[in-house]
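**Q** Right, I'll just put the structure down here and ask away after.
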2 protein chains.
Amino acid sequence: MPRNQQILLDNRPQGEATAANFKLVANDTPALKDGEVLVRHHYLSLDPYMRGRMNESKSYAQPQPLGEVMIGGTVGEVVESRHPKFAAGDQVVGMGGWQEYSVVDGNVPGMLRKVDTTHVPLSYYLGAVGMPGVTAWYGLVKIIEPKAGETVVVSAATGAVGSTYAALAKARGCRVVGIAGGPEKCKYAVEELGFDACIDYREHPDVKTMGKALKEACPKGIDGYFENVGGYILDAVLLRTNAFARIAVCGMIAGYDGQPLPLQNPALILVNRLKVQGFIVSEHMEVWPQALQELGTLVAQGKLKPRESIAQGIASAPEAFLGLLKGKNFGKQLVKLT
Amino acid sequence: MPRNQQILLDNRPQGEATAANFKLVANDTPALKDGEVLVRHHYLSLDPYMRGRMNESKSYAQPQPLGEVMIGGTVGEVVESRHPKFAAGDQVVGMGGWQEYSVVDGNVPGMLRKVDTTHVPLSYYLGAVGMPGVTAWYGLVKIIEPKAGETVVVSAATGAVGSTYAALAKARGCRVVGIAGGPEKCKYAVEELGFDACIDYREHPDVKTMGKALKEACPKGIDGYFENVGGYILDAVLLRTNAFARIAVCGMIAGYDGQPLPLQNPALILVNRLKVQGFIVSEHMEVWPQALQELGTLVAQGKLKPRESIAQGIASAPEAFLGLLKGKNFGKQLVKLT
């Protein structure tokens, strides 16, 4: 049986998450029982939602149990199968966690899905054609519901969600404005990802300067916003919203560590008759087929070329994850495990 | 021509509104032109939205112009008509403003509406069967969309909106919990207005104690909230929301004076997948006929008996209005002008 390196949640963060919250262990993979499938992971996905799971407090999902393998999306290849639907060599996407191999019960619906890599690279099924892509799709298509000519904004613009959002919004005839950290990311957003403009939040570190930058980038105001960050950027966006603007709330990275960040002027929800709606994409599985179809087509047509930030080896996952929380990644953060 | 006493906005508030912002004047009513109608007002409605109009800043509506009669809803009787659709003696509702008489162009659609007082007292057309009633209806029926068995909450429970909300929610099989100021109002809410429970915010002046009171009054959590107040009450409500709860944002009295009040933990919008939506009832005229029909029926059936707080004479309007902003009224605040 192959040796399987795993990363466990060893203890919960007190405030900021650190590498000491994690623990690397190694075990033999167990022998397969009837109906089980052994998958060798090629890539592990790192995503902001994992930070929320590290806390003990009530959230929309169960906390990550201590002493168990960190949850996470994975793509890989079947190396052994005792389930008739899967065969060695199949390429699959699943929730294998922070480890090199996983044993999956092939009878549980949705645990493992075969994917086609003819037109879409395997790793994209963790990003633009996976959970982050469907997240962008749901927020834009189902909550923001943009009309051609409207202006829509997204924070974390060069990440997996942001870059997919841009492609989807351009396909709908919108002006799409990104917010990202640093001139390199902003340049990339405009030149490679199709954003009409991108604002460097490091150059605009408060509500006032961010508001001014948004005014310039969104001369007709903001009709839709996809919230990935929280904090002063949301405050600045709300001040530039048009009447009846829609805000899809998907992440609030800035608030995961420590104290919650207040929203400074909630009265704008009334003044501008906003709809502000939180969502979790895994609760809307009914839209996945439609969303994945559009996303796969955009990739195959070359209209969606998401950038990836790839760390090497399972041992690098904690540092890569902590970097992601601080915006150090550039594009979809993955860990290559082969 | 009868003498017409009027109240003008003389100057804008610096922080808190005061009586010195208003000015009482008297003028003769002008002679009617063809198509015009002279209405003698019986009641003037005082409503929180008027405070927003007193500010110069951009809001959803134009600011109230300085030196002009304060806007406001009125009911009264036609005393003279040069329009074929109206005759002396007709009972009408309109936006006559803070004055004893108004001259209305009968040709402008929606400016003046004849009402039937067989089953509904005239003054109710300014409250439960008027704008506040439709406001409660829209927030509950169109935004909160409650199901039988759900728990819905409203602040300013004994006001025109709150009391109508209770009757509408009970008709839909909900548990309805009010928040009001003082034991007398809370007793009235439960004994006369049909609330299942009512929380005295004066006894619970911070997020922690209010949260505890909400937990007791809403043992199954909160599925819908109609926001009339803002501030710490909204913070406490958000902490008790169930997944997929809906918040209709209609007023934020607490924030009208001076600085905006922050929302302490907007991440709850994501954690509990909330929908928070602001609205202004005058932008949804398409629902008024349906709403007024249900509201009139509830009154005729004795299921909606809103309380009124009546000040006497136009000169009393400013003080009554300032009292309303401080929660001193008990029920729908009116000024009797005859």
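Labels for the structure tokens follow display order: chains A, B, ..., residues from 1 in each chain, ligands from 1.
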With DSSP run on the backbone, what are the alpha helix (DSSP H) residues within region 97-305 of chain B? I'd like them as a PyMOL selection string.
**A** chain B and resi 131-137+160-171+183-191+207-217+232-239+267-271+288-300
**Q** Chain A residues within 9 Å of chain B, counting only C-alpha atoms: which ones, as a ChimeraX atom specification?
**A** /A:58-61,230,243-244,249-252,255-256,259-280
**Q** For Pro13 (chain B), find every residue with an atom within 8 Å (counting only C-alpha atoms), except residues of its own chain fewer than 4 positions away, and show them as an NGL selection string.
**A** :B and (17-18 or 21 or 54-55)
**Q** Go ahead and write the selection's residues with C-alpha atoms as a PDB file, in the first residue's frame.
**A**
ATOM      1  CA  ALA B  17     -34.143  68.052  14.516  1.00  0.00           C
ATOM      2  CA  THR B  18     -35.764  70.767  16.656  1.00  0.00           C
ATOM      3  CA  ASN B  21     -36.444  74.058  12.058  1.00  0.00           C
ATOM      4  CA  MET B  54     -35.265  67.466   6.134  1.00  0.00           C
ATOM      5  CA  ASN B  55     -31.605  66.760   5.329  1.00  0.00           C
TER       6      ASN B  55
END
**Q** For region 123-131 of chain A, work out the shell of residues within 10 Å, counting only C-alpha atoms and skipping chain neighbours fewer than 3 positions away, then give it as a ChimeraX atom specification.
**A** /A:42-47,72-76,92-94,115-117,120,134-137,159-165,281-282,288,291-299,304-308,331-336
**Q** Keeping only N, CA and C atoms, write those residues as a short mmCIF file (atom, residue, chain, number, x, y, z; two decimals), in the first residue's frame.
**A**
data_model
loop_
_atom_site.label_atom_id
_atom_site.label_comp_id
_atom_site.auth_asym_id
_atom_site.auth_seq_id
_atom_site.Cartn_x
_atom_site.Cartn_y
_atom_site.Cartn_z
N HIS A 42 -3.64 14.64 -7.58
CA HIS A 42 -2.66 15.43 -8.33
C HIS A 42 -2.59 16.86 -7.80
N TYR A 43 -3.74 17.40 -7.46
CA TYR A 43 -3.78 18.77 -6.94
C TYR A 43 -4.75 18.85 -5.76
N LEU A 44 -4.38 19.67 -4.79
CA LEU A 44 -5.26 20.04 -3.68
C LEU A 44 -5.62 21.52 -3.86
N SER A 45 -6.87 21.83 -3.63
CA SER A 45 -7.34 23.22 -3.71
C SER A 45 -7.27 23.88 -2.34
N LEU A 46 -6.75 25.11 -2.29
CA LEU A 46 -6.79 25.88 -1.04
C LEU A 46 -7.78 27.03 -1.22
N ASP A 47 -8.68 27.19 -0.29
CA ASP A 47 -9.76 28.16 -0.43
C ASP A 47 -10.01 28.88 0.88
N GLY A 72 -10.81 19.52 1.94
CA GLY A 72 -10.40 20.30 0.78
C GLY A 72 -10.72 19.56 -0.50
N GLY A 73 -10.92 20.32 -1.55
CA GLY A 73 -11.19 19.74 -2.85
C GLY A 73 -9.91 19.22 -3.49
N THR A 74 -10.03 18.12 -4.23
CA THR A 74 -8.87 17.50 -4.87
C THR A 74 -9.24 17.01 -6.27
N VAL A 75 -8.25 17.00 -7.16
CA VAL A 75 -8.39 16.26 -8.43
C VAL A 75 -7.27 15.23 -8.49
N GLY A 76 -7.54 14.15 -9.15
CA GLY A 76 -6.52 13.12 -9.23
C GLY A 76 -6.92 11.99 -10.15
N VAL A 92 -10.58 12.15 -11.80
CA VAL A 92 -11.73 12.40 -10.92
C VAL A 92 -11.53 13.66 -10.07
N VAL A 93 -12.65 14.28 -9.71
CA VAL A 93 -12.64 15.40 -8.77
C VAL A 93 -13.47 14.99 -7.55
N GLY A 94 -13.01 15.41 -6.37
CA GLY A 94 -13.70 15.05 -5.13
C GLY A 94 -13.26 15.94 -3.99
N VAL A 115 -14.08 13.38 -14.73
CA VAL A 115 -14.02 14.59 -15.55
C VAL A 115 -13.23 14.32 -16.83
N ASP A 116 -13.50 15.16 -17.81
CA ASP A 116 -12.91 15.02 -19.15
C ASP A 116 -11.86 16.12 -19.32
N THR A 117 -10.62 15.71 -19.59
CA THR A 117 -9.55 16.71 -19.70
C THR A 117 -9.15 16.98 -21.15
N VAL A 120 -10.24 20.83 -21.09
CA VAL A 120 -10.11 21.55 -19.82
C VAL A 120 -9.02 20.86 -18.99
N VAL A 134 -18.30 27.93 -10.03
CA VAL A 134 -19.75 27.91 -9.82
C VAL A 134 -20.15 28.98 -8.80
N THR A 135 -19.26 29.25 -7.85
CA THR A 135 -19.52 30.32 -6.88
C THR A 135 -19.66 31.66 -7.60
N ALA A 136 -18.72 31.96 -8.49
CA ALA A 136 -18.82 33.20 -9.27
C ALA A 136 -20.10 33.21 -10.10
N TRP A 137 -20.39 32.08 -10.70
CA TRP A 137 -21.58 31.96 -11.55
C TRP A 137 -22.84 32.22 -10.74
N GLY A 159 -8.21 36.10 -8.37
CA GLY A 159 -8.39 34.76 -7.83
C GLY A 159 -9.30 33.93 -8.73
N ALA A 160 -9.56 32.71 -8.30
CA ALA A 160 -10.36 31.80 -9.11
C ALA A 160 -11.76 32.34 -9.33
N VAL A 161 -12.36 32.87 -8.26
CA VAL A 161 -13.72 33.41 -8.38
C VAL A 161 -13.71 34.67 -9.23
N GLY A 162 -12.79 35.58 -8.92
CA GLY A 162 -12.75 36.86 -9.61
C GLY A 162 -12.53 36.72 -11.10
N SER A 163 -11.61 35.85 -11.51
CA SER A 163 -11.32 35.75 -12.94
C SER A 163 -12.49 35.11 -13.69
N THR A 164 -13.18 34.19 -13.04
CA THR A 164 -14.35 33.59 -13.67
C THR A 164 -15.49 34.60 -13.78
N TYR A 165 -15.65 35.37 -12.72
CA TYR A 165 -16.67 36.42 -12.68
C TYR A 165 -16.50 37.39 -13.85
N VAL A 281 -22.35 28.06 -2.13
CA VAL A 281 -22.65 27.43 -3.41
C VAL A 281 -23.03 25.96 -3.25
N SER A 282 -22.54 25.32 -2.19
CA SER A 282 -22.84 23.89 -2.02
C SER A 282 -24.30 23.66 -1.66
N TRP A 288 -25.42 23.54 -10.55
CA TRP A 288 -24.07 23.14 -10.97
C TRP A 288 -23.99 22.67 -12.42
N ALA A 291 -24.13 25.69 -14.70
CA ALA A 291 -22.97 26.55 -14.50
C ALA A 291 -21.70 25.91 -15.09
N LEU A 292 -21.48 24.63 -14.79
CA LEU A 292 -20.26 23.95 -15.27
C LEU A 292 -20.24 23.89 -16.79
N GLN A 293 -21.40 23.73 -17.38
CA GLN A 293 -21.50 23.72 -18.84
C GLN A 293 -21.00 25.05 -19.43
N GLU A 294 -21.50 26.16 -18.89
CA GLU A 294 -21.07 27.47 -19.41
C GLU A 294 -19.58 27.69 -19.14
N LEU A 295 -19.12 27.30 -17.96
CA LEU A 295 -17.73 27.55 -17.59
C LEU A 295 -16.78 26.72 -18.45
N GLY A 296 -17.12 25.45 -18.67
CA GLY A 296 -16.29 24.60 -19.52
C GLY A 296 -16.22 25.14 -20.95
N THR A 297 -17.34 25.64 -21.43
CA THR A 297 -17.38 26.21 -22.78
C THR A 297 -16.49 27.44 -22.88
N LEU A 298 -16.55 28.31 -21.86
CA LEU A 298 -15.72 29.52 -21.87
C LEU A 298 -14.23 29.15 -21.88
N VAL A 299 -13.86 28.11 -21.13
CA VAL A 299 -12.46 27.66 -21.12
C VAL A 299 -12.07 27.11 -22.49
N LEU A 304 -11.75 32.12 -21.00
CA LEU A 304 -11.53 32.07 -19.55
C LEU A 304 -10.21 31.34 -19.34
N LYS A 305 -9.18 32.12 -19.00
CA LYS A 305 -7.85 31.55 -18.83
C LYS A 305 -7.36 31.90 -17.43
N PRO A 306 -7.85 31.19 -16.43
CA PRO A 306 -7.51 31.55 -15.06
C PRO A 306 -6.05 31.26 -14.74
N ARG A 307 -5.45 32.10 -13.97
CA ARG A 307 -4.09 31.90 -13.54
C ARG A 307 -4.06 31.04 -12.29
N GLU A 308 -2.99 30.25 -12.17
CA GLU A 308 -2.85 29.38 -11.00
C GLU A 308 -1.57 29.71 -10.25
N GLY A 331 -3.75 34.28 -8.43
CA GLY A 331 -4.56 33.30 -9.14
C GLY A 331 -4.96 32.20 -8.19
N LYS A 332 -5.64 31.21 -8.73
CA LYS A 332 -6.15 30.09 -7.94
C LYS A 332 -5.02 29.37 -7.22
N GLN A 333 -5.13 29.25 -5.90
CA GLN A 333 -4.07 28.62 -5.11
C GLN A 333 -4.25 27.09 -5.08
N LEU A 334 -3.24 26.40 -5.58
CA LEU A 334 -3.25 24.93 -5.61
C LEU A 334 -1.99 24.41 -4.94
N VAL A 335 -2.05 23.14 -4.54
CA VAL A 335 -0.85 22.43 -4.13
C VAL A 335 -0.71 21.23 -5.05
N LYS A 336 0.45 21.13 -5.70
CA LYS A 336 0.69 19.99 -6.60
C LYS A 336 1.25 18.85 -5.75
#
**Q** Mind checking DSSP for region 79-214 of chain A and telling me the strand (DSSP E) residues as a PyMOL selection string?
**A** chain A and resi 79-81+91-94+101-105+112-114+151-155+175-180+197-200
**Q** To one decimal place in Å, what is the distance between CA of Asp206 (chain B) and CA of Ile222 (chain B)?
**A**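 Atom-to-atom, CA of Asp206 (chain B) to CA of Ile222 (chain B), that is 18.4 Å.
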**Q** Separation of CA of Gly96 (chain A) and CA of Val287 (chain A), in Å?
**A**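 The value is 22.6 Å.
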**Q** Can you work out which one of A:Pro63, A:Pro30, A:Gly110, A:Pro289 has the shortest atom-to-atom distance to Arg51 (chain A), counting only C-alpha atoms?
**A**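 Result for the nearest residue to Arg51 (chain A): A:Pro63.
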**Q** Given only C-alpha atoms as the basis, pick out the residue of B:Lys23, B:Lys147, B:His83, B:Lys142 nearest to Glu68 (chain B).
**A**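 Of all the options, B:Lys23 lies closest to Glu68 (chain B).
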**Q** Please list as an MDAnalysis selection string every residue within 9 Å of Asn27 (chain A), counting only C-alpha atoms and excluding residues in the same chain fewer than 2 positions away.
**A** chainID A and resid 2:6 25 29:30
**Q** Based on the selection just made, write C-alpha atoms of those residues as a tab-separated table (two decimals), in the first residue's frame.
**A**
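Resulting contents of again.tsv:
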chain	number	residue	atom	x	y	z
A	2	PRO	CA	1.39	3.43	-0.85
A	3	ARG	CA	2.49	5.74	1.96
A	4	ASN	CA	0.10	8.67	2.41
A	5	GLN	CA	1.24	12.01	3.84
A	6	GLN	CA	-1.58	13.93	5.49
A	25	VAL	CA	1.67	12.85	9.55
A	29	THR	CA	-3.31	3.72	2.77
A	30	PRO	CA	-5.72	1.01	3.92
**Q** Compare B:Thr151, B:Thr209, B:Gln91, B:Ser309 by their minimum atom-to-atom distance to Phe226 (chain B), counting only C-alpha atoms, and give me the closest one.
**A**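 Checking each candidate against Phe226 (chain B), we get B:Thr151 as the closest.
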**Q** List as a compact mmCIF listing (two decimals) with C-alpha atoms, in the first residue's frame the protein and nucleic acid residues near Gly35 (chain B), meaning an atom at most 7 Å away when only C-alpha atoms are counted, but skip any in the same chain fewer than 2 places from it.
**A**
# COMPACT_ATOMS: atom_id res chain seq x y z
CA LYS B 33 -58.72 77.26 -11.50
CA VAL B 37 -60.09 70.84 -6.08
CA ARG B 82 -63.81 72.55 -10.39
CA HIS B 83 -63.05 68.97 -11.51
CA ASP B 105 -54.90 69.43 -9.61
CA GLY B 106 -57.55 66.77 -10.15
CA ASN B 107 -56.07 65.82 -13.50
**Q** Could you tell me which of A:Pro121, A:Pro109, A:Gly97, A:Gly182 comes closest to Pro205 (chain A) if we count only C-alpha atoms?
**A**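 The answer is A:Gly182, which sits nearest to Pro205 (chain A).
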**Q** To one decimal place in Å, what is the distance between CA of Val154 (chain B) and CA of Ala189 (chain B)?
**A** 11.3 Å
